[in-house]
$ cat data01.csv   # CSV, N, CA and C atoms
chain,number,residue,atom,x,y,z
A,1,MET,N,-31.4,21.5,11.8
A,1,MET,CA,-30.0,21.7,12.2
A,1,MET,C,-29.1,20.7,11.5
A,2,HIS,N,-28.0,21.1,11.0
A,2,HIS,CA,-27.1,20.2,10.3
A,2,HIS,C,-26.1,19.7,11.3
A,3,THR,N,-26.0,18.4,11.4
A,3,THR,CA,-25.0,17.8,12.3
A,3,THR,C,-23.8,17.3,11.5
A,4,ARG,N,-22.6,17.5,12.0
A,4,ARG,CA,-21.4,17.1,11.2
A,4,ARG,C,-21.0,15.7,11.6
A,5,ARG,N,-20.9,14.9,10.6
A,5,ARG,CA,-20.4,13.5,10.9
A,5,ARG,C,-18.9,13.5,11.0
A,6,SER,N,-18.4,12.7,11.8
A,6,SER,CA,-16.9,12.5,12.0
A,6,SER,C,-16.3,12.0,10.7
A,7,ARG,N,-15.2,12.6,10.3
A,7,ARG,CA,-14.5,12.1,9.1
A,7,ARG,C,-13.5,11.1,9.4
A,8,PHE,N,-13.3,10.7,10.6
A,8,PHE,CA,-12.3,9.8,11.0
A,8,PHE,C,-12.9,8.5,11.6
A,9,LYS,N,-12.2,7.4,11.4
A,9,LYS,CA,-12.6,6.1,11.9
A,9,LYS,C,-11.5,5.6,12.7
A,10,LYS,N,-11.8,5.2,13.9
A,10,LYS,CA,-10.8,4.6,14.8
A,10,LYS,C,-10.4,3.2,14.2
A,11,ILE,N,-9.1,3.0,14.0
A,11,ILE,CA,-8.6,1.8,13.4
A,11,ILE,C,-8.0,0.9,14.5
A,12,PRO,N,-8.4,-0.3,14.6
A,12,PRO,CA,-7.8,-1.2,15.6
A,12,PRO,C,-6.3,-1.3,15.4
A,13,ALA,N,-5.6,-1.5,16.5
A,13,ALA,CA,-4.1,-1.5,16.4
A,13,ALA,C,-3.6,-2.6,15.4
A,14,GLU,N,-4.3,-3.7,15.4
A,14,GLU,CA,-3.8,-4.8,14.5
A,14,GLU,C,-4.0,-4.6,13.0
A,15,LEU,N,-4.8,-3.5,12.7
A,15,LEU,CA,-5.0,-3.2,11.3
A,15,LEU,C,-4.2,-1.9,10.9
A,16,GLY,N,-3.4,-1.4,11.8
A,16,GLY,CA,-2.6,-0.2,11.6
A,16,GLY,C,-1.4,-0.5,10.7
A,17,ILE,N,-0.6,0.5,10.6
A,17,ILE,CA,0.6,0.4,9.7
A,17,ILE,C,1.9,0.5,10.6
A,18,ASP,N,1.8,0.2,11.8
A,18,ASP,CA,3.0,0.3,12.7
A,18,ASP,C,4.1,-0.5,12.3
A,19,GLU,N,3.9,-1.6,11.5
A,19,GLU,CA,5.0,-2.5,11.0
A,19,GLU,C,5.9,-1.7,10.1
A,20,LEU,N,5.4,-0.6,9.6
A,20,LEU,CA,6.2,0.2,8.6
A,20,LEU,C,7.2,1.1,9.3
A,21,PHE,N,7.1,1.2,10.6
A,21,PHE,CA,8.0,2.1,11.4
A,21,PHE,C,9.1,1.2,12.1
A,22,VAL,N,10.3,1.3,11.6
A,22,VAL,CA,11.4,0.5,12.1
A,22,VAL,C,11.6,1.0,13.6
A,23,GLY,N,11.6,0.1,14.5
A,23,GLY,CA,11.8,0.5,15.9
A,23,GLY,C,10.6,1.0,16.6
A,24,GLY,N,9.4,1.0,15.9
A,24,GLY,CA,8.2,1.5,16.5
A,24,GLY,C,7.9,3.0,16.1
A,25,ARG,N,6.6,3.3,16.1
A,25,ARG,CA,6.2,4.7,15.7
A,25,ARG,C,6.7,5.7,16.7
A,26,GLU,N,6.8,5.4,18.0
A,26,GLU,CA,7.2,6.3,19.0
A,26,GLU,C,8.7,6.7,18.8
A,27,LYS,N,9.5,5.8,18.4
A,27,LYS,CA,11.0,6.1,18.3
A,27,LYS,C,11.4,6.5,16.9
A,28,CYS,N,10.4,6.6,16.0
A,28,CYS,CA,10.7,6.9,14.6
A,28,CYS,C,10.9,8.4,14.4
A,29,ASN,N,12.0,8.8,13.8
A,29,ASN,CA,12.2,10.2,13.5
A,29,ASN,C,12.0,10.4,12.0
A,30,LEU,N,10.9,11.1,11.6
A,30,LEU,CA,10.6,11.2,10.2
A,30,LEU,C,11.1,12.5,9.5
A,31,ARG,N,11.9,13.2,10.3
A,31,ARG,CA,12.5,14.5,9.7
A,31,ARG,C,13.7,14.1,8.9
A,32,LEU,N,13.8,14.7,7.8
A,32,LEU,CA,14.9,14.5,6.9
A,32,LEU,C,15.9,15.6,7.0
A,33,ARG,N,17.2,15.3,7.1
A,33,ARG,CA,18.2,16.3,7.1
A,33,ARG,C,18.6,16.6,5.7
A,34,TRP,N,18.8,17.8,5.3
A,34,TRP,CA,19.2,18.1,3.9
A,34,TRP,C,20.7,18.1,3.8
A,35,ASP,N,21.2,17.1,3.0
A,35,ASP,CA,22.6,17.0,2.7
A,35,ASP,C,22.7,16.7,1.3
A,36,PRO,N,23.2,17.7,0.5
A,36,PRO,CA,23.3,17.6,-1.0
A,36,PRO,C,24.1,16.4,-1.4
A,37,GLN,N,25.1,16.0,-0.7
A,37,GLN,CA,26.0,14.9,-1.0
A,37,GLN,C,25.2,13.6,-0.8
A,38,SER,N,24.4,13.5,0.3
A,38,SER,CA,23.6,12.3,0.5
A,38,SER,C,22.5,12.2,-0.5
A,39,VAL,N,21.9,13.3,-0.9
A,39,VAL,CA,20.8,13.3,-1.9
A,39,VAL,C,21.4,12.7,-3.2
A,40,SER,N,22.6,13.2,-3.6
A,40,SER,CA,23.2,12.7,-4.8
A,40,SER,C,23.5,11.2,-4.8
A,41,LYS,N,24.0,10.8,-3.6
A,41,LYS,CA,24.3,9.3,-3.5
A,41,LYS,C,23.0,8.5,-3.5
A,42,LEU,N,21.9,9.0,-2.9
A,42,LEU,CA,20.7,8.3,-2.9
A,42,LEU,C,20.1,8.2,-4.3
A,43,ALA,N,20.1,9.3,-5.0
A,43,ALA,CA,19.6,9.3,-6.4
A,43,ALA,C,20.4,8.3,-7.2
A,44,GLU,N,21.7,8.3,-7.0
A,44,GLU,CA,22.6,7.3,-7.8
A,44,GLU,C,22.2,5.9,-7.4
A,45,PHE,N,22.0,5.6,-6.1
A,45,PHE,CA,21.6,4.3,-5.7
A,45,PHE,C,20.3,3.9,-6.3
A,46,PHE,N,19.3,4.7,-6.3
A,46,PHE,CA,18.0,4.4,-6.9
A,46,PHE,C,18.1,4.2,-8.4
A,47,HIS,N,18.9,5.0,-9.0
A,47,HIS,CA,19.0,4.9,-10.5
A,47,HIS,C,19.7,3.5,-10.8
A,48,SER,N,20.7,3.1,-10.1
A,48,SER,CA,21.4,1.8,-10.4
A,48,SER,C,20.5,0.6,-10.0
A,49,THR,N,19.8,0.7,-8.8
A,49,THR,CA,18.9,-0.4,-8.5
A,49,THR,C,17.7,-0.5,-9.4
A,50,GLY,N,17.2,0.7,-9.9
A,50,GLY,CA,16.1,0.7,-10.8
A,50,GLY,C,16.5,0.0,-12.1
A,51,SER,N,17.8,0.3,-12.6
A,51,SER,CA,18.3,-0.3,-13.8
A,51,SER,C,18.4,-1.8,-13.7
A,52,ALA,N,19.0,-2.2,-12.5
A,52,ALA,CA,19.2,-3.6,-12.3
A,52,ALA,C,17.8,-4.3,-12.2
A,53,ASP,N,16.9,-3.7,-11.5
A,53,ASP,CA,15.5,-4.3,-11.4
A,53,ASP,C,14.9,-4.4,-12.8
A,54,ALA,N,15.0,-3.4,-13.6
A,54,ALA,CA,14.4,-3.4,-15.0
A,54,ALA,C,15.1,-4.5,-15.8
A,55,LEU,N,16.4,-4.7,-15.7
A,55,LEU,CA,17.1,-5.8,-16.4
A,55,LEU,C,16.6,-7.1,-15.9
A,56,ALA,N,16.5,-7.3,-14.6
A,56,ALA,CA,16.0,-8.6,-14.1
A,56,ALA,C,14.6,-8.9,-14.5
A,57,GLU,N,13.8,-7.9,-14.6
A,57,GLU,CA,12.4,-8.1,-15.0
A,57,GLU,C,12.4,-8.5,-16.5
A,58,ARG,N,13.2,-7.9,-17.3
A,58,ARG,CA,13.2,-8.2,-18.8
A,58,ARG,C,13.7,-9.6,-19.0
A,59,VAL,N,14.6,-10.2,-18.2
A,59,VAL,CA,15.0,-11.5,-18.4
A,59,VAL,C,14.3,-12.5,-17.5
A,60,HIS,N,13.2,-12.1,-16.9
A,60,HIS,CA,12.4,-12.9,-16.0
A,60,HIS,C,13.1,-13.5,-14.8
A,61,ILE,N,14.0,-12.7,-14.2
A,61,ILE,CA,14.6,-13.1,-12.9
A,61,ILE,C,13.8,-12.4,-11.9
A,62,ARG,N,12.9,-13.1,-11.2
A,62,ARG,CA,12.0,-12.5,-10.2
A,62,ARG,C,11.9,-13.4,-9.0
A,63,PRO,N,13.0,-13.5,-8.3
A,63,PRO,CA,13.0,-14.4,-7.1
A,63,PRO,C,12.1,-14.1,-6.0
A,64,LEU,N,11.8,-12.9,-5.8
A,64,LEU,CA,10.9,-12.5,-4.6
A,64,LEU,C,9.5,-12.0,-5.1
A,65,ARG,N,9.3,-12.0,-6.3
A,65,ARG,CA,8.0,-11.4,-6.8
A,65,ARG,C,6.8,-12.1,-6.3
A,66,LYS,N,6.8,-13.4,-6.4
A,66,LYS,CA,5.6,-14.2,-6.0
A,66,LYS,C,5.4,-14.0,-4.5
A,67,ILE,N,6.4,-14.0,-3.7
A,67,ILE,CA,6.3,-13.9,-2.3
A,67,ILE,C,5.8,-12.5,-1.9
A,68,ALA,N,6.4,-11.5,-2.6
A,68,ALA,CA,5.9,-10.1,-2.3
A,68,ALA,C,4.5,-9.9,-2.7
A,69,LEU,N,4.1,-10.4,-3.8
A,69,LEU,CA,2.7,-10.3,-4.3
A,69,LEU,C,1.7,-10.9,-3.3
A,70,LYS,N,2.1,-12.1,-2.8
A,70,LYS,CA,1.2,-12.8,-1.9
A,70,LYS,C,1.1,-12.1,-0.5
A,71,LYS,N,2.2,-11.5,-0.1
A,71,LYS,CA,2.2,-10.7,1.2
A,71,LYS,C,1.4,-9.5,1.0
A,72,ALA,N,1.5,-8.8,-0.1
A,72,ALA,CA,0.8,-7.6,-0.4
A,72,ALA,C,-0.7,-7.9,-0.5
A,73,GLU,N,-1.1,-9.0,-1.1
A,73,GLU,CA,-2.5,-9.4,-1.3
A,73,GLU,C,-3.1,-9.7,0.1
A,74,LYS,N,-2.3,-10.5,0.9
A,74,LYS,CA,-2.8,-10.8,2.3
A,74,LYS,C,-3.0,-9.5,3.1
A,75,TRP,N,-2.1,-8.6,3.0
A,75,TRP,CA,-2.1,-7.4,3.8
A,75,TRP,C,-3.4,-6.6,3.4
A,76,MET,N,-3.6,-6.5,2.0
A,76,MET,CA,-4.7,-5.7,1.5
A,76,MET,C,-6.1,-6.4,1.9
A,77,LEU,N,-6.2,-7.7,1.8
A,77,LEU,CA,-7.4,-8.4,2.1
A,77,LEU,C,-7.7,-8.3,3.6
A,78,GLU,N,-6.7,-8.4,4.5
A,78,GLU,CA,-6.9,-8.2,5.9
A,78,GLU,C,-7.5,-6.9,6.2
A,79,ARG,N,-7.1,-5.8,5.6
A,79,ARG,CA,-7.6,-4.5,5.8
A,79,ARG,C,-9.0,-4.3,5.2
A,80,PHE,N,-9.3,-5.0,4.2
A,80,PHE,CA,-10.7,-4.9,3.6
A,80,PHE,C,-11.7,-5.5,4.6
A,81,GLU,N,-11.3,-6.6,5.2
A,81,GLU,CA,-12.2,-7.3,6.1
A,81,GLU,C,-12.9,-6.5,7.2
A,82,MET,N,-12.1,-5.7,7.9
A,82,MET,CA,-12.6,-5.0,9.1
A,82,MET,C,-12.8,-3.5,8.8
A,83,SER,N,-13.0,-3.2,7.5
A,83,SER,CA,-13.1,-1.7,7.2
A,83,SER,C,-14.6,-1.4,6.9
A,84,ASP,N,-14.9,-0.2,7.0
A,84,ASP,CA,-16.2,0.3,6.5
A,84,ASP,C,-16.1,0.9,5.1
A,85,GLY,N,-15.2,0.4,4.4
A,85,GLY,CA,-15.0,1.0,3.1
A,85,GLY,C,-13.7,1.7,3.0
A,86,PHE,N,-13.5,2.5,2.0
A,86,PHE,CA,-12.2,3.2,1.8
A,86,PHE,C,-12.3,4.7,2.1
A,87,GLY,N,-13.4,5.0,2.8
A,87,GLY,CA,-13.5,6.4,3.2
A,87,GLY,C,-13.7,7.4,2.1
A,88,ALA,N,-14.3,7.0,1.0
A,88,ALA,CA,-14.6,7.8,-0.2
A,88,ALA,C,-13.3,8.3,-0.8
A,89,ASN,N,-12.2,7.6,-0.6
A,89,ASN,CA,-11.0,7.9,-1.3
A,89,ASN,C,-11.0,7.2,-2.7
A,90,LEU,N,-11.4,7.9,-3.7
A,90,LEU,CA,-11.7,7.3,-5.0
A,90,LEU,C,-10.5,6.6,-5.6
A,91,SER,N,-9.3,7.2,-5.4
A,91,SER,CA,-8.1,6.6,-6.0
A,91,SER,C,-7.8,5.3,-5.3
A,92,ALA,N,-8.0,5.2,-3.9
A,92,ALA,CA,-7.7,4.0,-3.2
A,92,ALA,C,-8.7,2.9,-3.6
A,93,MET,N,-10.0,3.3,-3.8
A,93,MET,CA,-11.0,2.4,-4.2
A,93,MET,C,-10.7,1.8,-5.6
A,94,LEU,N,-10.4,2.6,-6.5
A,94,LEU,CA,-10.1,2.2,-7.9
A,94,LEU,C,-8.8,1.3,-7.9
A,95,ASN,N,-7.8,1.7,-7.1
A,95,ASN,CA,-6.6,0.9,-7.1
A,95,ASN,C,-6.9,-0.5,-6.5
A,96,ALA,N,-7.8,-0.6,-5.5
A,96,ALA,CA,-8.1,-1.9,-4.9
A,96,ALA,C,-8.7,-2.8,-6.0
A,97,ILE,N,-9.6,-2.2,-6.8
A,97,ILE,CA,-10.3,-3.0,-7.9
A,97,ILE,C,-9.3,-3.5,-8.9
A,98,ILE,N,-8.4,-2.5,-9.3
A,98,ILE,CA,-7.4,-2.9,-10.3
A,98,ILE,C,-6.4,-4.0,-9.7
A,99,ALA,N,-6.0,-3.8,-8.4
A,99,ALA,CA,-5.1,-4.8,-7.8
A,99,ALA,C,-5.8,-6.2,-7.8
A,100,LEU,N,-7.0,-6.2,-7.4
A,100,LEU,CA,-7.7,-7.5,-7.3
A,100,LEU,C,-7.8,-8.2,-8.7
A,101,ARG,N,-8.1,-7.4,-9.7
A,101,ARG,CA,-8.2,-8.0,-11.0
A,101,ARG,C,-6.8,-8.4,-11.5
A,102,CYS,N,-5.8,-7.6,-11.2
A,102,CYS,CA,-4.4,-8.0,-11.7
A,102,CYS,C,-4.0,-9.3,-11.0
A,103,LEU,N,-4.5,-9.5,-9.7
A,103,LEU,CA,-4.1,-10.7,-9.0
A,103,LEU,C,-4.9,-11.9,-9.5
A,104,GLY,N,-5.8,-11.7,-10.4
A,104,GLY,CA,-6.6,-12.8,-11.0
A,104,GLY,C,-8.0,-13.0,-10.4
A,105,TYR,N,-8.4,-12.1,-9.6
A,105,TYR,CA,-9.8,-12.2,-9.0
A,105,TYR,C,-10.8,-12.0,-10.1
A,106,SER,N,-11.8,-12.8,-10.2
A,106,SER,CA,-12.8,-12.6,-11.3
A,106,SER,C,-13.8,-11.5,-10.9
A,107,MET,N,-14.6,-11.1,-11.9
A,107,MET,CA,-15.6,-10.0,-11.6
A,107,MET,C,-16.7,-10.4,-10.7
A,108,ASP,N,-16.9,-11.8,-10.6
A,108,ASP,CA,-17.9,-12.2,-9.7
A,108,ASP,C,-17.4,-12.7,-8.3
A,109,ASP,N,-16.1,-12.4,-8.0
A,109,ASP,CA,-15.5,-12.7,-6.7
A,109,ASP,C,-16.1,-11.7,-5.7
A,110,PRO,N,-16.5,-12.2,-4.5
A,110,PRO,CA,-17.0,-11.3,-3.5
A,110,PRO,C,-16.2,-10.1,-3.1
A,111,GLN,N,-14.8,-10.3,-3.2
A,111,GLN,CA,-14.0,-9.1,-2.9
A,111,GLN,C,-14.1,-8.0,-4.0
A,112,VAL,N,-14.1,-8.5,-5.2
A,112,VAL,CA,-14.2,-7.5,-6.3
A,112,VAL,C,-15.6,-6.9,-6.3
A,113,ILE,N,-16.7,-7.7,-6.1
A,113,ILE,CA,-18.0,-7.1,-6.0
A,113,ILE,C,-18.1,-6.1,-4.9
A,114,ARG,N,-17.6,-6.4,-3.8
A,114,ARG,CA,-17.6,-5.4,-2.6
A,114,ARG,C,-16.8,-4.1,-3.0
A,115,ALA,N,-15.6,-4.3,-3.6
A,115,ALA,CA,-14.8,-3.1,-4.0
A,115,ALA,C,-15.6,-2.2,-5.0
A,116,ILE,N,-16.2,-2.9,-6.0
A,116,ILE,CA,-17.0,-2.1,-7.0
A,116,ILE,C,-18.2,-1.4,-6.4
A,117,ASP,N,-18.9,-2.1,-5.5
A,117,ASP,CA,-20.0,-1.5,-4.8
A,117,ASP,C,-19.6,-0.3,-4.0
A,118,GLU,N,-18.5,-0.4,-3.3
A,118,GLU,CA,-18.0,0.8,-2.5
A,118,GLU,C,-17.5,1.9,-3.4
A,119,PHE,N,-17.0,1.6,-4.6
A,119,PHE,CA,-16.6,2.6,-5.5
A,119,PHE,C,-17.8,3.4,-6.0

$ encode --input "data01.csv" --output "structure tokens"
Amino acid sequence: MHTRRSRFKKIPAELGIDELFVGGREKCNLRLRWDPQSVSKLAEFFHSTGSADALAERVHIRPLRKIALKKAEKWMLERFEMSDGFGANLSAMLNAIIALRCLGYSMDDPQVIRAIDEF
């Protein structure tokens, strides 16, 4: 008889993504209202900030880059620690390996070895 394994893993609250919900997950309204004028303004905003960001990158003005990378690295490593892997999500697994290597982790670093083994 074939038994079906659960495809879900219970994540401890401290490893969740609740910090991404402003005001908490319960109060968050994820529904978007369609307003063509707002969409146009939003597109304009992202186009201008993208252009400004690209310019700043070209002239090496990166005031928050190191801080952001350190926070992202810490966030990623915390979630590696208490996980049973990446749930066979190949793109997440490959992205983790690429991210670690881009952050300067060597091929013999335990985090890289673990990520490659799980891949």

$ atom_distance --input "data01.csv" --atom1 "CA of Ser91 in chain A" --atom2 "CA of Pro12 in chain A"
23.0 Å

$ residues_around --input "data01.csv" --residues "range 70-84 of chain A" --least-positions-apart "3" --cutoff "9 Å" --atoms "only C-alpha atoms" --output "list in words"
Lys9, Ile11, Pro12, Leu15, Gly16, Arg65, Lys66, Ile67, Gly87, Ala96, Ala99, Leu100, Leu103, Gln111 and Ala115 of chain A

$ atom_distance --input "data01.csv" --atom1 "atom C of Leu64 in chain A" --atom2 "atom C of Ala52 in chain A"
13.4 Å

$ atom_distance --input "data01.csv" --atom1 "atom N of Asp35 in chain A" --atom2 "atom N of Gly23 in chain A"
22.7 Å

$ select_by_dssp --input "data01.csv" --residues "chain A" --states "helix (DSSP H, G or I)" --output "PyMOL selection string"
chain A and resi 13-15+18-20+36-58+65-81+90-102+110-118
